[in-house]
Amino acid sequence: MHITVQRDKLSTAVSHVMKAVSTRTTMPILTGIKLKADEEGLTLTASDSDISIEVHIPPYEAEEWGVTVHKPGSVVLTARIFGEIVRKLPHDEIELAADERLMVTIRSGQSEFTISGMNADEFPQLLQLEEEKVFSIPSDLLKTLIRQTAFAVSTSEMRPILTGIMWSLEQGELTFVATDSHRLATRKALVECPPELRFHNVVVPGKSCNELVKILDDSQDLIDIVVGDNQIMVKVKHILFYSRLLEGTYPDTSRIIPQGSKTEMVVNAKDFLQSIERASLLSREGKSNVVRLTTVEGRSIEVSSNAPEIGKVVELFQPLSLSGEELKISFNARYMMEALRSLDNAEIKVSFTGSMSPFVLKPTDNDWILHLILPVRTY
């Protein structure tokens with residue numbers, strides 16, 4: 001293999017595939033990045049068996065040079081060393097050549113490195129997905145869907161299925177659901193797809209979703225998503241992102257969402273968040289991080305917390321509107337703060353059905369987002 005490649009393009013490609021490089025593995029080949037050069041350009045691939053990322057550098061794109069392939073071939077290079085070398089090379093052009101013994105010479109300007117490569121034939125082949133289940137979504141919208149649900153994913157391996165986000169598609173409406181059994185986040189969006197396309201119980205690991213967000217940009221460019229039986233593929237420009245799917249059946253979360261409410265308040269999201277943040281300054285020092293809401297004369301809300309060894313805080317908060325029965329409820333402050341931070345809406349409606357029943361947060365101007373939090377028994 002012998003190529004000349006533009007340094008910035010190679011450096012960007014390496015930084016993308018590094019997200020899938022395995023750090024703990026019994027297969028040494030997975031600690032590397034596979035480079036494959038052919039007449040179509042240079043392709044870099046990395047995989048940790050859960051996530052695989054493939055980045056393609058074409059010879060030319062928009063009349064801008066990317067790579068020249070002098071001799072096709074492939075090799076696997078240790079990711080950590082190769083990444084450091086590429087980042088620190090002095091010149092805009094990098095020449096890379098591998099001989100029959102898999103010794104790879106990397107030249108740029110007056111610098112020359114020679115490192116040992118690995119046999120590319122030993123690198124696992126990425127599964128080719130049948131492109132039957134394909135839908136398109138703007139890059140920034142997918143990023144938003146993940147951001148507004150991923151925080152509620154479980155970090156415990158007790159129920160592995162809850163460590164993922166459940167994706168479903170019905171009549172062009174894509175729904176993301178995440179829960180750790182103490183809280184729930186759902187987000188819906190309309191997407192471009194064939195009218196007959198539908199799927200349910202496609203559970204993508206939270207870790208995969210968080211890595212995908214780092215690749216997505218904030219543009220409205222459409223990206224294609226291919227859903228397979230046991231994995232999913234996202235096409236972003238010259239990047240292919242593969243993730244395995246979690247096995248098992250995701251719980252039916254619709255049954256726990258209250259249909260009515262006994263107390264409702266509308267709040268300015270930013271002001272309410274800041275009030276909860278102040279209350280949690282003391283409660284987070286304790287083990288429980290619990291904050292209590294109490295209605296005061298049907299007009300105001302008292303936000304309070306108590307850490308026995310430190311002290312207590314009480315603040316009177318004025319909602320934009322408050323109606324219904326009197327309320328006393330306690331909840332985990334972190335859950336509330338993460339839900340509020342994920343919402344991009346100025347006004348939020350909070351609906352309560354009692355001191356020991358789950359309560360719901362929704363924007364006042366749409367039904368695309370719903371967050372549910374279970375209360376904590378404190379009395």
# chains A, B, ... in the order shown; residues from 1 in each chain; ligands from 1
>>> select_by_dssp(residues="segment 187-288 of chain A", states="helix (DSSP H, G or I)", output="list in words")
Gly206, Lys207, Ser208, Cys209, Asn210, Glu211, Leu212, Val213, Lys214, Ile215, Thr253, Ser254, Arg255, Ile256, Ala269, Lys270, Asp271, Phe272, Leu273, Gln274, Ser275, Ile276, Glu277, Arg278, Ala279, Ser280, Leu281, Leu282 and Ser283 of chain A
>>> select_by_dssp(residues="segment 39-181 of chain A", states="strand (DSSP E or B)", output="PyMOL selection string")
chain A and resi 41-47+51-57+60-61+64-65+67-71+73-78+93-98+103-108+111-116+118+134-138+164-170+173-179
>>> residues_around(residues="segment 24-32 of chain A", least_positions_apart="4", cutoff="6 Å", atoms="only C-alpha atoms", output="list in words")
Val76, Leu77, Thr78 and Ala79 of chain A
>>> write_last_selection(atoms="N, CA and C atoms", output="mmCIF file, in the first residue's frame")
data_model
loop_
_atom_site.group_PDB
_atom_site.id
_atom_site.type_symbol
_atom_site.label_atom_id
_atom_site.label_comp_id
_atom_site.auth_asym_id
_atom_site.auth_seq_id
_atom_site.Cartn_x
_atom_site.Cartn_y
_atom_site.Cartn_z
ATOM 1 N N VAL A 76 -3.463 -2.568 9.328
ATOM 2 C CA VAL A 76 -4.035 -2.094 10.586
ATOM 3 C C VAL A 76 -2.915 -1.500 11.436
ATOM 4 N N LEU A 77 -3.110 -0.265 11.918
ATOM 5 C CA LEU A 77 -2.108 0.414 12.738
ATOM 6 C C LEU A 77 -2.656 0.656 14.142
ATOM 7 N N THR A 78 -1.801 0.510 15.154
ATOM 8 C CA THR A 78 -2.216 0.752 16.541
ATOM 9 C C THR A 78 -2.762 2.173 16.659
ATOM 10 N N ALA A 79 -4.010 2.277 17.095
ATOM 11 C CA ALA A 79 -4.737 3.547 17.046
ATOM 12 C C ALA A 79 -4.062 4.649 17.853
#
>>> residues_around(residues="Ser154 of chain A", least_positions_apart="5", cutoff="7 Å", atoms="only C-alpha atoms", output="VMD selection string")
chain A and resid 162 to 163 179 to 180
>>> atom_distance(atom1="atom CA of Pro72 of chain A", atom2="atom CA of Arg7 of chain A")
18.9 Å
>>> atom_distance(atom1="atom CA of Met18 of chain A", atom2="atom CA of Arg187 of chain A")
29.3 Å
>>> residues_around(residues="Ala98 of chain A", least_positions_apart="4", cutoff="8 Å", atoms="only C-alpha atoms", output="VMD selection string")
chain A and resid 1 to 2 75 102 to 105
>>> write_last_selection(atoms="N, CA and C atoms", output="short mmCIF file (atom, residue, chain, number, x, y, z; two decimals), in the first residue's frame")
data_model
loop_
_atom_site.label_atom_id
_atom_site.label_comp_id
_atom_site.auth_asym_id
_atom_site.auth_seq_id
_atom_site.Cartn_x
_atom_site.Cartn_y
_atom_site.Cartn_z
N MET A 1 0.85 -1.19 0.00
CA MET A 1 0.00 0.00 0.00
C MET A 1 0.89 1.25 0.00
N HIS A 2 0.50 2.24 -0.81
CA HIS A 2 1.27 3.49 -0.86
C HIS A 2 0.29 4.62 -1.19
N VAL A 75 -3.85 -2.20 5.76
CA VAL A 75 -3.03 -2.49 6.93
C VAL A 75 -3.77 -1.98 8.17
N LEU A 102 4.59 -5.67 6.54
CA LEU A 102 3.67 -4.82 7.29
C LEU A 102 4.41 -3.76 8.10
N MET A 103 5.61 -3.39 7.67
CA MET A 103 6.30 -2.23 8.25
C MET A 103 5.80 -1.00 7.51
N VAL A 104 5.31 -0.02 8.25
CA VAL A 104 4.67 1.14 7.65
C VAL A 104 5.54 2.38 7.87
N THR A 105 5.86 3.06 6.78
CA THR A 105 6.64 4.29 6.84
C THR A 105 5.70 5.48 6.65
#
>>> residues_around(residues="Ile256 of chain A", least_positions_apart="5", cutoff="12 Å", atoms="only C-alpha atoms", output="list of chain:residue names")
A:Thr179, A:Ser181, A:His182, A:Arg183, A:Leu184, A:Pro251, A:Ser357, A:Pro358, A:Phe359, A:Val360, A:His371, A:Leu372, A:Ile373, A:Leu374
>>> residues_around(residues="Leu44 of chain A", least_positions_apart="2", cutoff="7 Å", atoms="only C-alpha atoms", output="list in words")
Ile33, Lys34, Leu35, Lys36, Leu42, Glu54, Val55 and His56 of chain A
>>> write_last_selection(atoms="C-alpha atoms", output="compact mmCIF listing (two decimals), in the first residue's frame")
# COMPACT_ATOMS: atom_id res chain seq x y z
CA ILE A 33 -7.44 1.36 12.93
CA LYS A 34 -7.80 -0.41 9.61
CA LEU A 35 -6.65 1.59 6.57
CA LYS A 36 -7.79 0.39 3.16
CA LEU A 42 -8.93 5.76 1.59
CA GLU A 54 -16.01 3.79 9.01
CA VAL A 55 -14.77 7.05 7.47
CA HIS A 56 -14.08 7.46 3.76
>>> closest_residue(among="A:Glu63, A:Asp218, A:Glu173, A:Asp50", to="Phe241 of chain A", atoms="only C-alpha atoms")
A:Asp50
>>> closest_residue(among="A:Ser275, A:Ser300, A:Asn306, A:Ser108", to="Leu340 of chain A", atoms="only C-alpha atoms")
A:Ser275
>>> closest_residue(among="A:Glu112, A:Glu315, A:Asp48, A:Glu170", to="Arg278 of chain A", atoms="only C-alpha atoms")
A:Glu315
>>> closest_residue(among="A:Ser136, A:Ser351, A:Ser288, A:Thr114", to="Ile81 of chain A", atoms="only C-alpha atoms")
A:Thr114
>>> closest_atom_pairs(of="segment 306-339 of chain A", to="segment 363-369 of chain A", cutoff="12 Å", atoms="only C-alpha atoms", output="JSON lines")
{"residue": "A:Leu320", "atom": "CA", "partner": "A:Thr364", "partner_atom": "CA", "distance": 11.6}
{"residue": "A:Ser321", "atom": "CA", "partner": "A:Thr364", "partner_atom": "CA", "distance": 11.8}
{"residue": "A:Ala339", "atom": "CA", "partner": "A:Ile369", "partner_atom": "CA", "distance": 10.5}
>>> closest_residue(among="A:Thr253, A:Thr144, A:Ser139, A:Ser261", to="Met166 of chain A", atoms="only C-alpha atoms")
A:Thr253
>>> atom_distance(atom1="atom CA of Glu192 of chain A", atom2="atom CA of Ile232 of chain A")
17.0 Å
>>> decode(residues="segment 186-223 of chain A", atoms="C-alpha atoms", output="PDB file, in the first residue's frame")
ATOM      1  CA  THR A 186     -39.782  10.517  25.725  1.00  0.00           C
ATOM      2  CA  ARG A 187     -39.274  12.617  22.596  1.00  0.00           C
ATOM      3  CA  LYS A 188     -41.117  12.405  19.282  1.00  0.00           C
ATOM      4  CA  ALA A 189     -40.392  13.821  15.823  1.00  0.00           C
ATOM      5  CA  LEU A 190     -41.688  13.465  12.274  1.00  0.00           C
ATOM      6  CA  VAL A 191     -39.188  11.910   9.840  1.00  0.00           C
ATOM      7  CA  GLU A 192     -38.962  11.190   6.122  1.00  0.00           C
ATOM      8  CA  CYS A 193     -39.677   7.527   5.374  1.00  0.00           C
ATOM      9  CA  PRO A 194     -41.860   5.248   3.243  1.00  0.00           C
ATOM     10  CA  PRO A 195     -45.424   5.335   4.614  1.00  0.00           C
ATOM     11  CA  GLU A 196     -45.460   1.586   5.284  1.00  0.00           C
ATOM     12  CA  LEU A 197     -42.197   1.615   7.278  1.00  0.00           C
ATOM     13  CA  ARG A 198     -42.658   0.818  10.965  1.00  0.00           C
ATOM     14  CA  PHE A 199     -40.602  -0.763  13.728  1.00  0.00           C
ATOM     15  CA  HIS A 200     -40.728  -1.122  17.504  1.00  0.00           C
ATOM     16  CA  ASN A 201     -38.411  -2.255  20.306  1.00  0.00           C
ATOM     17  CA  VAL A 202     -35.219  -1.149  18.538  1.00  0.00           C
ATOM     18  CA  VAL A 203     -33.043  -0.521  21.608  1.00  0.00           C
ATOM     19  CA  VAL A 204     -29.783   1.340  20.897  1.00  0.00           C
ATOM     20  CA  PRO A 205     -27.220   1.364  23.755  1.00  0.00           C
ATOM     21  CA  GLY A 206     -26.967   4.740  25.509  1.00  0.00           C
ATOM     22  CA  LYS A 207     -23.177   4.646  25.043  1.00  0.00           C
ATOM     23  CA  SER A 208     -23.630   4.299  21.269  1.00  0.00           C
ATOM     24  CA  CYS A 209     -26.072   7.230  21.188  1.00  0.00           C
ATOM     25  CA  ASN A 210     -23.660   9.449  23.148  1.00  0.00           C
ATOM     26  CA  GLU A 211     -20.809   8.597  20.750  1.00  0.00           C
ATOM     27  CA  LEU A 212     -23.068   9.247  17.748  1.00  0.00           C
ATOM     28  CA  VAL A 213     -23.854  12.754  19.055  1.00  0.00           C
ATOM     29  CA  LYS A 214     -20.117  13.597  18.859  1.00  0.00           C
ATOM     30  CA  ILE A 215     -20.122  12.807  15.128  1.00  0.00           C
ATOM     31  CA  LEU A 216     -23.348  14.639  14.233  1.00  0.00           C
ATOM     32  CA  ASP A 217     -23.116  18.318  13.375  1.00  0.00           C
ATOM     33  CA  ASP A 218     -25.693  21.057  14.014  1.00  0.00           C
ATOM     34  CA  SER A 219     -26.772  21.330  10.382  1.00  0.00           C
ATOM     35  CA  GLN A 220     -30.136  20.429   8.894  1.00  0.00           C
ATOM     36  CA  ASP A 221     -28.482  18.073   6.395  1.00  0.00           C
ATOM     37  CA  LEU A 222     -30.486  14.860   6.110  1.00  0.00           C
ATOM     38  CA  ILE A 223     -28.790  11.685   7.335  1.00  0.00           C
TER      39      ILE A 223
END
